[in-house]
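Participant: Have a peek at data-v1.pdb (PDB, C-alpha atoms and all ligand atoms).
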```pdb
ATOM      1  CA  MET A   1    -275.939  94.501-103.322
ATOM      2  CA  THR A   2    -273.666  95.731-100.530
ATOM      3  CA  THR A   3    -270.219  96.949-101.371
ATOM      4  CA  ILE A   4    -267.207  98.569 -99.742
ATOM      5  CA  ALA A   5    -265.424 101.824-100.497
ATOM      6  CA  PRO A   6    -261.835 100.997-101.418
ATOM      7  CA  LEU A   7    -258.811 102.714-100.002
ATOM      8  CA  THR A   8    -257.191 104.385-102.985
ATOM      9  CA  THR A   9    -254.201 106.261-101.598
ATOM     10  CA  VAL A  10    -251.053 105.306 -99.746
ATOM     11  CA  ALA A  11    -251.867 108.035 -97.199
ATOM     12  CA  GLU A  12    -255.261 106.453 -96.415
ATOM     13  CA  VAL A  13    -253.676 103.056 -95.821
ATOM     14  CA  ARG A  14    -250.949 104.547 -93.621
ATOM     15  CA  ALA A  15    -253.540 106.435 -91.521
ATOM     16  CA  LEU A  16    -255.677 103.319 -91.016
ATOM     17  CA  ARG A  17    -252.888 100.782 -90.539
ATOM     18  CA  PRO A  18    -252.339 101.242 -86.745
ATOM     19  CA  SER A  19    -255.981 100.314 -86.068
ATOM     20  CA  LEU A  20    -255.921  97.096 -88.108
ATOM     21  CA  GLY A  21    -253.987  94.754 -85.799
ATOM     22  CA  ARG A  22    -252.287  91.821 -87.532
ATOM     23  CA  VAL A  23    -252.924  92.131 -91.245
ATOM     24  CA  VAL A  24    -252.995  89.470 -93.932
ATOM     25  CA  LEU A  25    -252.650  90.852 -97.441
ATOM     26  CA  VAL A  26    -254.144  89.114-100.473
ATOM     27  CA  PRO A  27    -252.566  90.815-103.511
ATOM     28  CA  THR A  28    -254.664  90.542-106.680
ATOM     29  CA  MET A  29    -255.081  92.171-110.059
ATOM     30  CA  GLY A  30    -258.865  92.095-109.656
ATOM     31  CA  CYS A  31    -261.436  90.324-111.833
ATOM     32  CA  LEU A  32    -261.962  88.239-108.741
ATOM     33  CA  HIS A  33    -263.166  84.664-109.063
ATOM     34  CA  GLU A  34    -263.783  81.736-106.716
ATOM     35  CA  GLY A  35    -260.003  81.117-106.536
ATOM     36  CA  HIS A  36    -259.413  84.577-105.080
ATOM     37  CA  LEU A  37    -262.384  84.200-102.742
ATOM     38  CA  ALA A  38    -260.961  80.904-101.450
ATOM     39  CA  LEU A  39    -257.730  82.794-100.672
ATOM     40  CA  VAL A  40    -259.770  85.442 -98.856
ATOM     41  CA  ARG A  41    -261.505  82.762 -96.767
ATOM     42  CA  GLN A  42    -258.133  81.217 -95.932
ATOM     43  CA  ALA A  43    -256.759  84.678 -95.135
ATOM     44  CA  LYS A  44    -259.478  85.263 -92.547
ATOM     45  CA  THR A  45    -258.089  82.385 -90.488
ATOM     46  CA  LEU A  46    -254.575  83.865 -90.444
ATOM     47  CA  ALA A  47    -254.802  87.374 -88.943
ATOM     48  CA  ASP A  48    -257.153  90.012 -87.476
ATOM     49  CA  THR A  49    -257.723  91.948 -90.681
ATOM     50  CA  VAL A  50    -257.794  90.947 -94.329
ATOM     51  CA  VAL A  51    -256.666  93.555 -96.844
ATOM     52  CA  VAL A  52    -257.161  92.716-100.523
ATOM     53  CA  SER A  53    -255.183  94.788-102.994
ATOM     54  CA  ILE A  54    -256.542  95.228-106.506
ATOM     55  CA  PHE A  55    -254.070  96.650-108.973
ATOM     56  CA  VAL A  56    -253.302  95.696-112.569
ATOM     57  CA  ASN A  57    -249.554  96.138-112.491
ATOM     58  CA  ARG A  58    -248.233  97.435-115.796
ATOM     59  CA  LEU A  59    -244.637  96.607-114.761
ATOM     60  CA  GLN A  60    -245.197  92.863-114.969
ATOM     61  CA  PHE A  61    -246.657  92.892-118.499
ATOM     62  CA  GLY A  62    -244.433  92.731-121.582
ATOM     63  CA  PRO A  63    -244.984  95.159-124.479
ATOM     64  CA  ASN A  64    -246.955  92.546-126.469
ATOM     65  CA  GLU A  65    -248.942  91.175-123.546
ATOM     66  CA  ASP A  66    -252.515  91.790-122.435
ATOM     67  CA  PHE A  67    -252.132  94.789-120.082
ATOM     68  CA  GLU A  68    -254.731  96.920-121.906
ATOM     69  CA  ARG A  69    -257.070  93.977-122.405
ATOM     70  CA  TYR A  70    -256.759  92.605-118.849
ATOM     71  CA  PRO A  71    -260.293  92.510-117.382
ATOM     72  CA  ARG A  72    -261.036  95.302-114.913
ATOM     73  CA  THR A  73    -264.185  94.737-112.863
ATOM     74  CA  LEU A  74    -263.675  96.859-109.742
ATOM     75  CA  PRO A  75    -267.344  97.513-108.760
ATOM     76  CA  ARG A  76    -268.123  93.789-108.940
ATOM     77  CA  ASP A  77    -264.883  92.882-107.130
ATOM     78  CA  LEU A  78    -265.832  95.191-104.248
ATOM     79  CA  GLU A  79    -269.290  93.597-103.998
ATOM     80  CA  LEU A  80    -267.752  90.117-103.910
ATOM     81  CA  LEU A  81    -265.358  91.199-101.149
ATOM     82  CA  ALA A  82    -268.206  92.790 -99.162
ATOM     83  CA  ALA A  83    -270.137  89.514 -99.430
ATOM     84  CA  GLU A  84    -267.084  87.728 -97.941
ATOM     85  CA  GLY A  85    -267.047  90.185 -95.036
ATOM     86  CA  VAL A  86    -263.844  91.914 -96.203
ATOM     87  CA  ARG A  87    -263.843  95.553 -95.133
ATOM     88  CA  HIS A  88    -260.553  96.744 -96.573
ATOM     89  CA  ALA A  89    -259.580  96.762-100.231
ATOM     90  CA  PHE A  90    -256.657  98.796-101.527
ATOM     91  CA  ALA A  91    -257.313  99.776-105.135
ATOM     92  CA  PRO A  92    -254.853 102.503-106.099
ATOM     93  CA  SER A  93    -254.728 104.240-109.454
ATOM     94  CA  GLU A  94    -251.656 103.790-111.590
ATOM     95  CA  THR A  95    -250.430 107.311-110.751
ATOM     96  CA  GLU A  96    -250.862 106.593-107.028
ATOM     97  CA  MET A  97    -248.747 103.426-107.277
ATOM     98  CA  TYR A  98    -246.259 104.865-109.761
ATOM     99  CA  PRO A  99    -246.272 108.673-109.314
ATOM    100  CA  GLU A 100    -242.868 108.790-110.987
ATOM    101  CA  PRO A 101    -241.126 106.280-113.255
ATOM    102  CA  GLN A 102    -240.321 103.223-111.117
ATOM    103  CA  THR A 103    -236.561 103.274-111.721
ATOM    104  CA  TYR A 104    -235.769 101.464-108.482
ATOM    105  CA  THR A 105    -236.882  97.897-108.980
ATOM    106  CA  VAL A 106    -236.464  94.519-107.302
ATOM    107  CA  ALA A 107    -234.653  92.082-109.592
ATOM    108  CA  PRO A 108    -234.807  88.383-108.720
ATOM    109  CA  PRO A 109    -231.773  86.408-109.917
ATOM    110  CA  PRO A 110    -231.575  84.986-113.458
ATOM    111  CA  GLU A 111    -231.700  81.382-112.246
ATOM    112  CA  HIS A 112    -235.224  82.120-111.007
ATOM    113  CA  THR A 113    -236.368  84.487-113.744
ATOM    114  CA  ASP A 114    -234.834  83.154-116.948
ATOM    115  CA  ILE A 115    -236.662  79.834-116.730
ATOM    116  CA  LEU A 116    -240.252  78.761-117.476
ATOM    117  CA  GLU A 117    -242.529  81.834-117.241
ATOM    118  CA  GLY A 118    -239.558  84.182-117.094
ATOM    119  CA  ALA A 119    -238.097  82.745-120.298
ATOM    120  CA  VAL A 120    -241.339  83.490-122.139
ATOM    121  CA  ARG A 121    -242.100  86.742-120.283
ATOM    122  CA  PRO A 122    -238.832  88.693-119.876
ATOM    123  CA  GLY A 123    -239.057  91.209-117.032
ATOM    124  CA  HIS A 124    -242.250  89.680-115.633
ATOM    125  CA  PHE A 125    -240.828  88.636-112.273
ATOM    126  CA  ARG A 126    -238.972  91.909-111.812
ATOM    127  CA  GLY A 127    -242.363  93.608-112.217
ATOM    128  CA  VAL A 128    -244.037  91.213-109.774
ATOM    129  CA  ALA A 129    -241.228  91.455-107.198
ATOM    130  CA  THR A 130    -241.244  95.242-107.426
ATOM    131  CA  VAL A 131    -244.985  95.725-106.996
ATOM    132  CA  VAL A 132    -245.258  93.116-104.228
ATOM    133  CA  THR A 133    -242.358  94.710-102.319
ATOM    134  CA  LYS A 134    -244.066  98.068-102.724
ATOM    135  CA  LEU A 135    -247.422  96.687-101.558
ATOM    136  CA  PHE A 136    -245.660  95.202 -98.520
ATOM    137  CA  GLY A 137    -244.160  98.642 -97.802
ATOM    138  CA  ILE A 138    -247.564 100.323 -98.062
ATOM    139  CA  VAL A 139    -249.797  97.792 -96.279
ATOM    140  CA  GLN A 140    -247.162  96.365 -93.910
ATOM    141  CA  PRO A 141    -248.851  92.975 -93.587
ATOM    142  CA  GLU A 142    -247.650  90.306 -91.176
ATOM    143  CA  VAL A 143    -248.850  87.612 -93.601
ATOM    144  CA  ALA A 144    -249.354  87.554 -97.375
ATOM    145  CA  LEU A 145    -251.275  84.924 -99.301
ATOM    146  CA  PHE A 146    -250.507  83.824-102.878
ATOM    147  CA  GLY A 147    -252.084  81.044-104.930
ATOM    148  CA  LYS A 148    -250.109  77.987-106.022
ATOM    149  CA  LYS A 149    -251.487  78.440-109.529
ATOM    150  CA  ASP A 150    -248.638  80.934-110.098
ATOM    151  CA  TYR A 151    -246.090  78.475-108.740
ATOM    152  CA  GLN A 152    -242.976  80.261-109.984
ATOM    153  CA  GLN A 153    -244.272  83.568-108.623
ATOM    154  CA  LEU A 154    -244.715  81.923-105.227
ATOM    155  CA  MET A 155    -241.170  80.521-105.356
ATOM    156  CA  VAL A 156    -239.718  83.914-106.314
ATOM    157  CA  LEU A 157    -241.646  85.732-103.572
ATOM    158  CA  ARG A 158    -240.661  83.217-100.882
ATOM    159  CA  ASN A 159    -237.003  83.744-101.830
ATOM    160  CA  LEU A 160    -237.451  87.519-101.991
ATOM    161  CA  VAL A 161    -238.886  87.686 -98.479
ATOM    162  CA  ARG A 162    -236.201  85.381 -97.074
ATOM    163  CA  GLN A 163    -233.216  87.040 -98.724
ATOM    164  CA  LEU A 164    -234.358  90.617 -97.980
ATOM    165  CA  ALA A 165    -235.474  89.646 -94.453
ATOM    166  CA  LEU A 166    -238.892  91.222 -95.009
ATOM    167  CA  PRO A 167    -241.099  90.790 -91.928
ATOM    168  CA  VAL A 168    -243.861  88.974 -93.811
ATOM    169  CA  THR A 169    -244.839  85.314 -93.722
ATOM    170  CA  ILE A 170    -245.793  83.998 -97.155
ATOM    171  CA  VAL A 171    -248.643  81.479 -97.144
ATOM    172  CA  ALA A 172    -249.678  79.454-100.207
ATOM    173  CA  GLY A 173    -253.278  78.810-101.235
ATOM    174  CA  GLU A 174    -254.345  75.753-103.223
ATOM    175  CA  THR A 175    -255.433  76.173-106.845
ATOM    176  CA  MET A 176    -259.191  76.218-107.294
ATOM    177  CA  ARG A 177    -260.551  74.326-110.293
ATOM    178  CA  ALA A 178    -263.729  74.158-112.334
ATOM    179  CA  PRO A 179    -265.468  70.742-112.142
ATOM    180  CA  ASP A 180    -263.689  69.723-115.394
ATOM    181  CA  GLY A 181    -260.280  70.507-113.866
ATOM    182  CA  LEU A 182    -259.519  73.858-115.480
ATOM    183  CA  ALA A 183    -257.644  76.035-113.011
ATOM    184  CA  LEU A 184    -259.615  79.202-112.247
ATOM    185  CA  SER A 185    -257.977  82.282-113.732
ATOM    186  CA  SER A 186    -259.083  85.778-114.665
ATOM    187  CA  ARG A 187    -257.726  85.053-118.152
ATOM    188  CA  ASN A 188    -260.304  82.253-118.623
ATOM    189  CA  THR A 189    -262.736  85.064-119.477
ATOM    190  CA  TYR A 190    -260.858  85.439-122.802
ATOM    191  CA  LEU A 191    -261.709  81.884-123.928
ATOM    192  CA  SER A 192    -264.333  81.308-126.621
ATOM    193  CA  GLU A 193    -266.904  78.569-125.979
ATOM    194  CA  ALA A 194    -264.902  76.062-128.048
ATOM    195  CA  GLU A 195    -261.629  77.021-126.352
ATOM    196  CA  ARG A 196    -263.234  76.723-122.913
ATOM    197  CA  ALA A 197    -264.279  73.156-123.792
ATOM    198  CA  GLU A 198    -260.702  72.350-124.888
ATOM    199  CA  ALA A 199    -258.937  74.171-122.016
ATOM    200  CA  PRO A 200    -259.056  71.361-119.374
ATOM    201  CA  ARG A 201    -256.680  69.328-121.561
ATOM    202  CA  LEU A 202    -253.764  71.169-119.945
ATOM    203  CA  TYR A 203    -254.856  69.878-116.515
ATOM    204  CA  ARG A 204    -255.383  66.391-117.943
ATOM    205  CA  VAL A 205    -251.893  66.121-119.447
ATOM    206  CA  LEU A 206    -250.329  67.397-116.203
ATOM    207  CA  THR A 207    -252.410  64.909-114.198
ATOM    208  CA  ARG A 208    -251.235  62.062-116.409
ATOM    209  CA  ILE A 209    -247.588  63.024-115.895
ATOM    210  CA  ALA A 210    -248.043  63.439-112.131
ATOM    211  CA  GLN A 211    -249.649  59.991-111.930
ATOM    212  CA  ALA A 212    -246.904  58.412-114.043
ATOM    213  CA  VAL A 213    -244.114  59.934-111.928
ATOM    214  CA  ARG A 214    -245.879  58.942-108.698
ATOM    215  CA  ALA A 215    -246.094  55.402-110.105
ATOM    216  CA  GLY A 216    -242.320  55.368-110.634
ATOM    217  CA  ALA A 217    -241.769  56.692-114.183
ATOM    218  CA  THR A 218    -238.333  58.272-114.438
ATOM    219  CA  ASP A 219    -238.185  59.224-118.120
ATOM    220  CA  HIS A 220    -239.518  62.736-117.591
ATOM    221  CA  ALA A 221    -238.311  63.928-121.005
ATOM    222  CA  ARG A 222    -240.485  61.364-122.793
ATOM    223  CA  LEU A 223    -243.566  62.262-120.729
ATOM    224  CA  GLU A 224    -242.972  65.954-121.363
ATOM    225  CA  THR A 225    -242.530  65.477-125.130
ATOM    226  CA  GLU A 226    -245.702  63.374-125.365
ATOM    227  CA  ALA A 227    -247.681  65.981-123.440
ATOM    228  CA  MET A 228    -246.431  68.830-125.630
ATOM    229  CA  ALA A 229    -247.284  66.780-128.752
ATOM    230  CA  GLU A 230    -250.810  66.097-127.485
ATOM    231  CA  LEU A 231    -251.396  69.787-126.801
ATOM    232  CA  ALA A 232    -250.015  70.769-130.224
ATOM    233  CA  ALA A 233    -252.189  68.140-131.928
ATOM    234  CA  HIS A 234    -255.258  69.804-130.405
ATOM    235  CA  GLY A 235    -254.428  73.301-131.573
ATOM    236  CA  TRP A 236    -252.377  74.565-128.623
ATOM    237  CA  GLN A 237    -248.995  76.290-128.861
ATOM    238  CA  PRO A 238    -247.199  74.885-125.835
ATOM    239  CA  ASP A 239    -244.357  76.871-124.216
ATOM    240  CA  TYR A 240    -243.354  74.135-121.785
ATOM    241  CA  VAL A 241    -244.513  71.052-119.939
ATOM    242  CA  THR A 242    -241.862  70.051-117.444
ATOM    243  CA  VAL A 243    -241.194  68.211-114.203
ATOM    244  CA  ARG A 244    -239.155  70.302-111.768
ATOM    245  CA  ARG A 245    -237.953  70.376-108.204
ATOM    246  CA  ARG A 246    -240.477  72.307-106.089
ATOM    247  CA  ALA A 247    -237.976  74.388-104.133
ATOM    248  CA  ASP A 248    -236.189  76.155-107.009
ATOM    249  CA  LEU A 249    -237.922  74.845-110.152
ATOM    250  CA  GLN A 250    -234.683  73.406-111.524
ATOM    251  CA  PRO A 251    -234.632  69.969-113.236
ATOM    252  CA  PRO A 252    -234.559  67.296-110.533
ATOM    253  CA  ALA A 253    -231.687  64.900-109.934
ATOM    254  CA  PRO A 254    -232.570  61.191-110.352
ATOM    255  CA  GLY A 255    -234.590  59.903-107.422
ATOM    256  CA  GLU A 256    -235.358  63.346-106.050
ATOM    257  CA  GLN A 257    -238.708  63.802-104.245
ATOM    258  CA  GLU A 258    -240.820  66.988-103.800
ATOM    259  CA  LEU A 259    -241.494  67.578-107.474
ATOM    260  CA  VAL A 260    -244.009  69.636-109.402
ATOM    261  CA  VAL A 261    -245.115  69.373-113.017
ATOM    262  CA  LEU A 262    -245.753  72.703-114.689
ATOM    263  CA  GLY A 263    -247.257  73.586-118.043
ATOM    264  CA  ALA A 264    -247.917  76.707-120.078
ATOM    265  CA  ALA A 265    -249.517  76.887-123.483
ATOM    266  CA  ARG A 266    -251.402  79.271-125.685
ATOM    267  CA  LEU A 267    -254.917  78.363-126.823
ATOM    268  CA  GLY A 268    -255.995  80.834-129.497
ATOM    269  CA  SER A 269    -255.001  84.208-128.088
ATOM    270  CA  THR A 270    -255.137  83.072-124.444
ATOM    271  CA  ARG A 271    -252.089  81.852-122.570
ATOM    272  CA  LEU A 272    -252.923  79.380-119.808
ATOM    273  CA  ILE A 273    -250.617  78.054-117.077
ATOM    274  CA  ASP A 274    -251.146  75.297-114.555
ATOM    275  CA  ASN A 275    -249.176  72.943-112.311
ATOM    276  CA  LEU A 276    -249.584  69.974-109.993
ATOM    277  CA  GLU A 277    -247.400  69.038-107.068
ATOM    278  CA  ILE A 278    -246.303  65.411-107.346
TER     279      ILE A 278
HETATM  280  O1  LIG H   1    -250.736  87.019-109.005
HETATM  281  C1  LIG H   1    -251.127  88.168-109.282
HETATM  282  O2  LIG H   1    -252.321  88.448-109.436
HETATM  283  C2  LIG H   1    -250.085  89.266-109.454
HETATM  284  O3  LIG H   1    -248.927  88.787-110.043
HETATM  285  C3  LIG H   1    -249.778  90.006-108.136
HETATM  286  C4  LIG H   1    -249.150  89.070-107.115
HETATM  287  C5  LIG H   1    -251.054  90.596-107.573
HETATM  288  C6  LIG H   1    -248.791  91.137-108.391
HETATM  289  O4  LIG H   1    -249.297  92.063-109.294
END
```
Rewrite the structure from the file as structure tokens, please.
Facilitator:
Amino acid sequence: MTTIAPLTTVAEVRALRPSLGRVVLVPTMGCLHEGHLALVRQAKTLADTVVVSIFVNRLQFGPNEDFERYPRTLPRDLELLAAEGVRHAFAPSETEMYPEPQTYTVAPPPEHTDILEGAVRPGHFRGVATVVTKLFGIVQPEVALFGKKDYQQLMVLRNLVRQLALPVTIVAGETMRAPDGLALSSRNTYLSEAERAEAPRLYRVLTRIAQAVRAGATDHARLETEAMAELAAHGWQPDYVTVRRRADLQPPAPGEQELVVLGAARLGSTRLIDNLEI
């Protein structure tokens, strides 16, 4: 199987960058799946050169999260990228990315980080914002592509780029799903066979809420409570199921359009998130 040799140092990227033309960056933590590859295919339509970064970013994991366990499959990832015609992957070591303690960080505001994922994962978005800003500084892409599956991450990064006037256009990629609706995620590899069979329930409850709201339902609290109860009844530990405004993920005012329903729940030892725009 053909593969590519990754760039591993900041110096290598800097030396190559002038020859790359307009660059679109697809930041990833590796363990690439069809969802990432769909982003790569979309990326190819957006600029001259696609650069995929592969880096499991310790800064965005809490002390009790799955940093050590997170799947690392670099040789396979590089083969998958080669098969997609990608020639440039940036896969730095931890000491290359963080040669000294990262004491300068990028802190999104509490109204964006203390809700939903941020409420359950304190410090997560500071870690994401910091590494993405650093990747932008290293790769200097004109465009960067992020999946809608991490909807709050996308919202935070759009605001980051706008408020700091970073010269990068953020483009969103649609969530890729298995035939039964489960959103593709590297963390799906943690699921046992029984959990994998149960996992699409999260998509189903979100779909039901999206359909109800589209059909005119306004009692979001009732829909959310019912969804959480259904998940709990089937062995999940739900963190939230909630209808929010797309732009800032705050609760919508009555009659507001442009909504999204988001859910996060733990199934066994695996935490799954998903969302659907309404
Ligand atoms: O979405 C991810 O995989 C990560 O949060 C990202 C954007 C690569 C930053 O580490």
Participant: Written as an mmCIF file with C-alpha atoms, in the coordinates of the input, which residues does the PyMOL selection byres (((chain A and resi 61) around 12) and not hetatm) give for the file shown?
Facilitator:
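Generated file (expr_28.cif):
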```cif
data_model
loop_
_atom_site.group_PDB
_atom_site.id
_atom_site.type_symbol
_atom_site.label_atom_id
_atom_site.label_comp_id
_atom_site.auth_asym_id
_atom_site.auth_seq_id
_atom_site.Cartn_x
_atom_site.Cartn_y
_atom_site.Cartn_z
ATOM 1 C CA MET A 29 -255.081 92.171 -110.059
ATOM 2 C CA VAL A 56 -253.302 95.696 -112.569
ATOM 3 C CA ASN A 57 -249.554 96.138 -112.491
ATOM 4 C CA ARG A 58 -248.233 97.435 -115.796
ATOM 5 C CA LEU A 59 -244.637 96.607 -114.761
ATOM 6 C CA GLN A 60 -245.197 92.863 -114.969
ATOM 7 C CA GLY A 62 -244.433 92.731 -121.582
ATOM 8 C CA PRO A 63 -244.984 95.159 -124.479
ATOM 9 C CA ASN A 64 -246.955 92.546 -126.469
ATOM 10 C CA GLU A 65 -248.942 91.175 -123.546
ATOM 11 C CA ASP A 66 -252.515 91.790 -122.435
ATOM 12 C CA PHE A 67 -252.132 94.789 -120.082
ATOM 13 C CA GLU A 68 -254.731 96.920 -121.906
ATOM 14 C CA ARG A 69 -257.070 93.977 -122.405
ATOM 15 C CA TYR A 70 -256.759 92.605 -118.849
ATOM 16 C CA GLU A 117 -242.529 81.834 -117.241
ATOM 17 C CA GLY A 118 -239.558 84.182 -117.094
ATOM 18 C CA VAL A 120 -241.339 83.490 -122.139
ATOM 19 C CA ARG A 121 -242.100 86.742 -120.283
ATOM 20 C CA PRO A 122 -238.832 88.693 -119.876
ATOM 21 C CA GLY A 123 -239.057 91.209 -117.032
ATOM 22 C CA HIS A 124 -242.250 89.680 -115.633
ATOM 23 C CA PHE A 125 -240.828 88.636 -112.273
ATOM 24 C CA ARG A 126 -238.972 91.909 -111.812
ATOM 25 C CA GLY A 127 -242.363 93.608 -112.217
ATOM 26 C CA VAL A 128 -244.037 91.213 -109.774
ATOM 27 C CA VAL A 131 -244.985 95.725 -106.996
#
```
Participant: With all atoms listed in the file as the atoms that count, which of A:Gly30, A:Pro200, A:Pro251, A:Gly263 lies nearest to Arg72 (chain A)?
Facilitator: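 Among the listed residues, A:Gly30 lies closest to Arg72 (chain A).
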Participant: Restricting the calculation to all atoms listed in the file, which member of A:Ala144, A:Val40, A:Leu78, A:Val86 is positioned closest to ligand LIG 1 (chain H)?
Facilitator: A:Ala144
Participant: Please measure the separation of CA of Ala264 (chain A) and CA of Gly216 (chain A), giving the value in Å to one decimal.
Facilitator: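 Interatomic distance here is 24.0 Å.
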Participant: Go through A:Ala183, A:Thr113, A:Ala217, A:Cys31 and flag the residue nearest Pro254 (chain A), using only C-alpha atoms for the distances.
Facilitator: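 Looking only at the distances to Pro254 (chain A), the closest residue turns out to be A:Ala217.
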Participant: Report as AutoDock Vina command-line options the centre and the edge lengths, in Å to one decimal, of the axis-aligned box holding every listed atom of ligand LIG 1 (chain H), padded by 5 Å on each side.
Facilitator:
```
--center_x -250.6 --center_y 89.5 --center_z -108.6 --size_x 13.5 --size_y 15.0 --size_z 12.9
```
Participant: How many Å separate CA of Glu256 (chain A) from CA of Leu272 (chain A)?
Facilitator: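 We find that CA of Glu256 (chain A) and CA of Leu272 (chain A) lie 27.5 Å from each other.
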Participant: Could you give me, as a PyMOL selection string, the residues within 8 Å of Thr28 (chain A), counting all atoms listed in the file and dropping anything in the same chain fewer than 6 positions from it?
Facilitator: chain A and resi 36+52-56
Participant: List, as number ranges by chain, every residue that the PyMOL selection byres (((chain A and resi 95) around 12) and not hetatm) selects in the file provided.
Facilitator: A: 8-10, 55, 57-58, 91-94, 96-102
Participant: For the selection just defined, write its residues with C-alpha atoms to a file, as a tab-separated table (two decimals), in the frame of the given file.
Facilitator:
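Wrote it out as result14.tsv, contents follow:
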```tsv
chain	number	residue	atom	x	y	z
A	8	THR	CA	-257.19	104.38	-102.98
A	9	THR	CA	-254.20	106.26	-101.60
A	10	VAL	CA	-251.05	105.31	-99.75
A	55	PHE	CA	-254.07	96.65	-108.97
A	57	ASN	CA	-249.55	96.14	-112.49
A	58	ARG	CA	-248.23	97.44	-115.80
A	91	ALA	CA	-257.31	99.78	-105.14
A	92	PRO	CA	-254.85	102.50	-106.10
A	93	SER	CA	-254.73	104.24	-109.45
A	94	GLU	CA	-251.66	103.79	-111.59
A	96	GLU	CA	-250.86	106.59	-107.03
A	97	MET	CA	-248.75	103.43	-107.28
A	98	TYR	CA	-246.26	104.86	-109.76
A	99	PRO	CA	-246.27	108.67	-109.31
A	100	GLU	CA	-242.87	108.79	-110.99
A	101	PRO	CA	-241.13	106.28	-113.26
A	102	GLN	CA	-240.32	103.22	-111.12
```
Participant: I need the residue nearest Ala247 (chain A) from this list: A:Glu193, A:Glu224, A:Glu230, A:Glu277. Use all atoms listed in the file for the distance.
Facilitator: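 Using all atoms listed in the file, Ala247 (chain A) sits closest to A:Glu277.
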Participant: Is it possible to get the residues within 10 Å of (-244.4, 70.6, -109.2) (coordinates as in the file, counting only C-alpha atoms) written as JSON, numbers by chain?
Facilitator: {"A": [148, 151, 152, 206, 210, 242, 243, 244, 245, 246, 247, 249, 258, 259, 260, 261, 262, 263, 274, 275, 276, 277, 278]}
Participant: Could you tell me how far CA of Arg17 (chain A) lies from CA of His88 (chain A), in Å and to one decimal?
Facilitator: 10.6 Å
Participant: Care to translate the PyMOL selection byres (((chain A and resi 35) around 9) and not hetatm) into actual residues of this file, as a count of residues only?
Facilitator: 17
Participant: If we count only C-alpha atoms and set the cut-off at 8 Å, which residues sit around Ala5 (chain A), ignoring sequence neighbours fewer than 2 positions away in its own chain? Please answer as a PyMOL selection string.
Facilitator: chain A and resi 3+7+78+89
Participant: When distances are computed from all atoms listed in the file, which of A:Ala172, A:Val13, A:Ala47, A:Leu164 shows the smallest separation from ligand LIG 1 (chain H)?
Facilitator: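 Closest residue, counting all atoms listed in the file: A:Ala172.
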Participant: Which residue gives the smallest distance to ligand LIG 1 (chain H) among A:Arg87, A:Arg204, A:Lys149, A:Lys44, with all atoms listed in the file counted?
Facilitator: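 Among the listed residues, the smallest separation from ligand LIG 1 (chain H) belongs to A:Lys149.
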Participant: Excluding Leu267 (chain A) and its own-chain neighbours fewer than 4 positions away, which residues fall within 8 Å of it when counting only C-alpha atoms? Please give them as a ChimeraX atom specification.
Facilitator: /A:195,199,235-237,271-272
Participant: Tell me, as a PyMOL selection string, which residues lie within 8 Å of Leu223 (chain A), counting all atoms listed in the file; anything in the same chain fewer than 4 positions away does not count.
Facilitator: chain A and resi 209+219+227
